[in-house]
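Below is one structure, written out as structure tokens; comments come after it.
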Amino acid sequence: MDLQAALSTLESLGTEQNRKTFKRHGAGDNLYGVSFANLNKLKKSIKVDQSLAEQLWATGNTDARTLATMIADPKLMTSEQVDSWIQDTQYSCLIDEFVKHVVAKTPFALTKMELWTASDDEWIGRAGWQTLACLALSKQEIDDTQFEQYLEIIRNHIHEHKNRTREAMNIALIAIGVRNEHLETKAKDVARAIGQVHVDHGDTACKTPDAISYMDKTNARKKK
């Protein structure tokens with residue numbers, strides 16, 4: 001599929017209702033409003049296509065960029081390119097998709113996590129903590145001590161961080177807590193210490209998950 005065909009397909013799949021919903025979540029005005037169900041179908045059809053991913057990203061269209069994260073090849077993404085894409089968006093859903101599909105699968109994921117979690121920028125900070133969450137859930141070869149030090153950062157500083165970074169720190173806390181029983185105990189101790197995490201979700205129905213309850217539910221499902 002070439003760029004024009006991809007854009008035409010995305011445009012045909014967009015709906016006004018989805019555009020309204022995505023805008024409420026911070027997507028901006030340059031979008032078609034394509035559901036994730038349809039984006040996933042396109043992903044399966046296109047498979048991995050780094051060249052098309054780069055062209056889609058360059059359009060600036062939110063749906064095109066979301067699809068780009070789904071078909072990009074983590075093995076071909078350079079460190080500089082990853083930085084450029086992260087710095088080029090202030091939409092939490094797009095950042096999360098890029099981290100999940102690409103950043104966490106690159107050989108420099110740990111390095112990016114360390115750099116980005118230390119950033120004062122709300123969106124780069126979010127990317128860092130989301131990368132941490134993905135690594136906690138998917139990379140068993142990483143030593144637990146890598147995550148324990150971040151639990152202390154969450155304990156001491158979560159309430160100081162900006163809104164969408166703070167949200168991602170809470171997500172990371174949960175991810176660490178469902179990694180294994182050892183980290184579950186430590187993560188719950190941190191969750192009790194920090195109390196309720198307040199996140200402004202804007203004009204949406206989204207709610208901030210209670211970390212301990214979420215850990216309990218997730219770990220219970222894992223044991224079935």
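Each chain in the structure tokens gets a letter, A, B, ..., in the order shown, and its residues are numbered from 1; ligands are numbered from 1 in order too.
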
Self-check item: Near-Leu94 (chain A) list (12 Å; only C-alpha atoms; drop same-chain fewer than 6 positions) as number ranges by chain
Solution: A: 22, 25-28, 36, 57, 60-70, 85-88, 100-102, 123, 126-127, 130

Exercise. Would you list, as a PyMOL selection string, the residues of region 75-183 of chain A that end up in helix (DSSP H, G or I) under DSSP run on this structure's backbone?
Key: chain A and resi 79-87+92-101+103-105+109-117+122-138+145-160+163-177+181-183

Nearby residues (only C-alpha atoms) at most 8 Å from Gly14 (chain A), same-chain spacing under 4 positions excluded, as a tab-separated table (two decimals) with C-alpha atoms, in the first residue's frame:
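Once everything was written out, this is result-v3.tsv:
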```
chain	number	residue	atom	x	y	z
A	10	LEU	CA	-8.06	6.20	6.59
A	18	ASN	CA	-14.81	9.29	16.60
A	19	ARG	CA	-13.40	12.70	15.74
A	32	TYR	CA	-10.07	11.48	10.33
A	33	GLY	CA	-11.46	9.69	13.38
A	34	VAL	CA	-10.60	6.06	12.65
A	35	SER	CA	-11.45	3.48	15.30
```

Quiz item: Nearest to Gln55 (chain A) among A:Val99, A:Ala6, A:Ile124, A:Ala187, with distances taken over only C-alpha atoms: which residue is it?
Solution: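 So, comparing all the options, the nearest one is A:Ala6.
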
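Closest to Ile158 (chain A) among A:Pro74, A:Asp143, A:Glu54, A:Gly125 is A:Gly125, based on only C-alpha atoms.
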
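Proximity to Leu76 (chain A) at 10 Å, evaluated using only C-alpha atoms and with sequence-adjacent residues fewer than 5 positions away removed, yields A:Gln50, A:Ser51, A:Gln81, A:Val102, A:Thr106.
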
Same residues, N, CA and C atoms, saved as a PDB file, in the first residue's frame:
```pdb
ATOM      1  N   GLN A  50       8.361   0.087   7.162  1.00  0.00           N
ATOM      2  CA  GLN A  50       9.028   1.241   7.761  1.00  0.00           C
ATOM      3  C   GLN A  50       8.946   2.472   6.868  1.00  0.00           C
ATOM      4  N   SER A  51       9.099   2.282   5.580  1.00  0.00           N
ATOM      5  CA  SER A  51       9.045   3.417   4.663  1.00  0.00           C
ATOM      6  C   SER A  51       7.681   4.103   4.706  1.00  0.00           C
ATOM      7  N   GLN A  81      15.600   9.166  15.486  1.00  0.00           N
ATOM      8  CA  GLN A  81      14.243   9.154  14.940  1.00  0.00           C
ATOM      9  C   GLN A  81      13.209   8.971  16.043  1.00  0.00           C
ATOM     10  N   VAL A 102       6.738   0.354  19.379  1.00  0.00           N
ATOM     11  CA  VAL A 102       8.071   0.619  18.833  1.00  0.00           C
ATOM     12  C   VAL A 102       9.136   0.786  19.916  1.00  0.00           C
ATOM     13  N   THR A 106      12.835  -1.574  20.944  1.00  0.00           N
ATOM     14  CA  THR A 106      14.132  -1.192  20.392  1.00  0.00           C
ATOM     15  C   THR A 106      15.246  -1.624  21.340  1.00  0.00           C
TER      16      THR A 106
END
```

Quiz prompt | Counting only C-alpha atoms, the residue of A:Lys207, A:Gln140, A:Gly202, A:Glu97 that sits nearest Asn40 (chain A) | solution = A:Glu97

Practice problem: Within 9 Å of Trp129 (chain A), counting only C-alpha atoms, which residues show up once you throw out same-chain ones fewer than 3 positions away? Write them as a VMD selection string, please. | Solution: chain A and resid 113 116 to 117 124 to 126 132 to 134 165 to 166 168 to 172

Save the residues we just selected, N, CA and C atoms, as a PDB file, in the first residue's frame?
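See part.pdb below for the written result:
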```
ATOM      1  N   MET A 113      14.171   5.121  28.438  1.00  0.00           N
ATOM      2  CA  MET A 113      13.407   5.150  29.681  1.00  0.00           C
ATOM      3  C   MET A 113      14.129   5.997  30.730  1.00  0.00           C
ATOM      4  N   TRP A 116      14.099   9.787  29.556  1.00  0.00           N
ATOM      5  CA  TRP A 116      12.780  10.420  29.486  1.00  0.00           C
ATOM      6  C   TRP A 116      12.106  10.530  30.845  1.00  0.00           C
ATOM      7  N   THR A 117      12.281   9.547  31.713  1.00  0.00           N
ATOM      8  CA  THR A 117      11.653   9.641  33.040  1.00  0.00           C
ATOM      9  C   THR A 117      12.236  10.794  33.844  1.00  0.00           C
ATOM     10  N   ILE A 124       7.302  14.038  27.211  1.00  0.00           N
ATOM     11  CA  ILE A 124       8.489  13.184  27.204  1.00  0.00           C
ATOM     12  C   ILE A 124       8.538  12.368  28.494  1.00  0.00           C
ATOM     13  N   GLY A 125       8.179  13.010  29.600  1.00  0.00           N
ATOM     14  CA  GLY A 125       8.099  12.284  30.864  1.00  0.00           C
ATOM     15  C   GLY A 125       7.104  11.142  30.788  1.00  0.00           C
ATOM     16  N   ARG A 126       5.964  11.406  30.172  1.00  0.00           N
ATOM     17  CA  ARG A 126       4.970  10.346  30.017  1.00  0.00           C
ATOM     18  C   ARG A 126       5.547   9.182  29.210  1.00  0.00           C
ATOM     19  N   LEU A 132       8.789   2.411  30.782  1.00  0.00           N
ATOM     20  CA  LEU A 132       9.068   1.612  31.979  1.00  0.00           C
ATOM     21  C   LEU A 132       7.967   0.578  32.201  1.00  0.00           C
ATOM     22  N   ALA A 133       6.711   1.004  32.073  1.00  0.00           N
ATOM     23  CA  ALA A 133       5.589   0.084  32.273  1.00  0.00           C
ATOM     24  C   ALA A 133       5.639  -1.072  31.276  1.00  0.00           C
ATOM     25  N   CYS A 134       5.907  -0.764  30.017  1.00  0.00           N
ATOM     26  CA  CYS A 134       5.984  -1.822  29.000  1.00  0.00           C
ATOM     27  C   CYS A 134       7.121  -2.791  29.294  1.00  0.00           C
ATOM     28  N   THR A 165       2.218  13.087  32.867  1.00  0.00           N
ATOM     29  CA  THR A 165       3.346  12.320  33.391  1.00  0.00           C
ATOM     30  C   THR A 165       2.919  11.580  34.652  1.00  0.00           C
ATOM     31  N   ARG A 166       2.199  12.268  35.503  1.00  0.00           N
ATOM     32  CA  ARG A 166       1.701  11.669  36.758  1.00  0.00           C
ATOM     33  C   ARG A 166       0.812  10.457  36.468  1.00  0.00           C
ATOM     34  N   ALA A 168       1.026   8.486  33.879  1.00  0.00           N
ATOM     35  CA  ALA A 168       1.891   7.391  33.427  1.00  0.00           C
ATOM     36  C   ALA A 168       2.686   6.794  34.583  1.00  0.00           C
ATOM     37  N   MET A 169       3.043   7.610  35.567  1.00  0.00           N
ATOM     38  CA  MET A 169       3.748   7.083  36.742  1.00  0.00           C
ATOM     39  C   MET A 169       2.854   6.113  37.515  1.00  0.00           C
ATOM     40  N   ASN A 170       1.576   6.423  37.592  1.00  0.00           N
ATOM     41  CA  ASN A 170       0.636   5.518  38.250  1.00  0.00           C
ATOM     42  C   ASN A 170       0.499   4.221  37.462  1.00  0.00           C
ATOM     43  N   ILE A 171       0.485   4.321  36.138  1.00  0.00           N
ATOM     44  CA  ILE A 171       0.435   3.132  35.281  1.00  0.00           C
ATOM     45  C   ILE A 171       1.691   2.288  35.481  1.00  0.00           C
ATOM     46  N   ALA A 172       2.843   2.966  35.560  1.00  0.00           N
ATOM     47  CA  ALA A 172       4.101   2.251  35.778  1.00  0.00           C
ATOM     48  C   ALA A 172       4.116   1.554  37.132  1.00  0.00           C
TER      49      ALA A 172
END
```

Quiz item: Could you work out how far CA of Tyr214 (chain A) lies from CA of Val178 (chain A), giving the answer in Å with one decimal?
Solution: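 So the answer is 9.0 Å.
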
Self-check item: Counting only C-alpha atoms, the residue of A:Arg221, A:Asp216, A:Leu115, A:Gly177 that sits nearest Leu137 (chain A)
Solution: A:Gly177

Quiz prompt | Distance criterion (only C-alpha atoms): nearest to Thr59 (chain A) out of A:Leu42, A:Leu13, A:Val197, A:Leu3 | solution = A:Leu3

Quiz item: By how many Å are CA of Leu31 (chain A) and CA of Lys75 (chain A) apart?
Solution: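 Distance between the two atoms: 27.7 Å.
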
Selection: 8 Å around region 148-155 of chain A, only C-alpha atoms, excl. self and same-chain fewer than 6 positions, as a compact mmCIF listing (two decimals) with N, CA and C atoms, in the first residue's frame:
```txt
# COMPACT_ATOMS: atom_id res chain seq x y z
N MET A 169 3.04 7.61 35.57
CA MET A 169 3.75 7.08 36.74
C MET A 169 2.85 6.11 37.52
N LEU A 173 3.58 2.21 38.15
CA LEU A 173 3.49 1.60 39.48
C LEU A 173 2.70 0.29 39.42
N LEU A 183 7.96 -7.72 43.70
CA LEU A 183 7.71 -6.32 43.38
C LEU A 183 6.29 -5.90 43.72
N LYS A 186 6.38 -4.50 47.23
CA LYS A 186 7.02 -3.18 47.26
C LYS A 186 6.13 -2.12 46.61
N ALA A 187 5.51 -2.48 45.50
CA ALA A 187 4.66 -1.52 44.80
C ALA A 187 3.43 -1.15 45.63
N VAL A 190 4.34 1.37 48.21
CA VAL A 190 4.42 2.71 47.62
C VAL A 190 3.03 3.27 47.38
N ALA A 191 2.13 2.45 46.86
CA ALA A 191 0.76 2.90 46.59
C ALA A 191 0.08 3.39 47.86
N ALA A 193 1.61 4.59 50.45
CA ALA A 193 2.30 5.79 50.90
C ALA A 193 1.85 7.03 50.14
N ILE A 194 1.61 6.89 48.83
CA ILE A 194 1.27 8.08 48.02
C ILE A 194 -0.22 8.40 48.05
```

Quiz item: What is the distance between CA of Gln90 (chain A) and CA of Leu110 (chain A), in Å to one decimal?
Solution: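 Going from CA of Gln90 (chain A) over to CA of Leu110 (chain A), I get 21.8 Å.
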
Self-check item: Ala72 (chain A) environment, 6 Å, only C-alpha atoms, sequence neighbours closer than 5 positions dropped, as a VMD selection string
Solution: chain A and resid 48 to 50 53

Give me a file of those residues, with C-alpha atoms, as an mmCIF file, in the first residue's frame.
```
data_model
loop_
_atom_site.group_PDB
_atom_site.id
_atom_site.type_symbol
_atom_site.label_atom_id
_atom_site.label_comp_id
_atom_site.auth_asym_id
_atom_site.auth_seq_id
_atom_site.Cartn_x
_atom_site.Cartn_y
_atom_site.Cartn_z
ATOM 1 C CA VAL A 48 5.563 -4.027 8.789
ATOM 2 C CA ASP A 49 6.470 -1.218 6.406
ATOM 3 C CA GLN A 50 9.028 1.241 7.761
ATOM 4 C CA ALA A 53 5.368 4.454 8.474
#
```
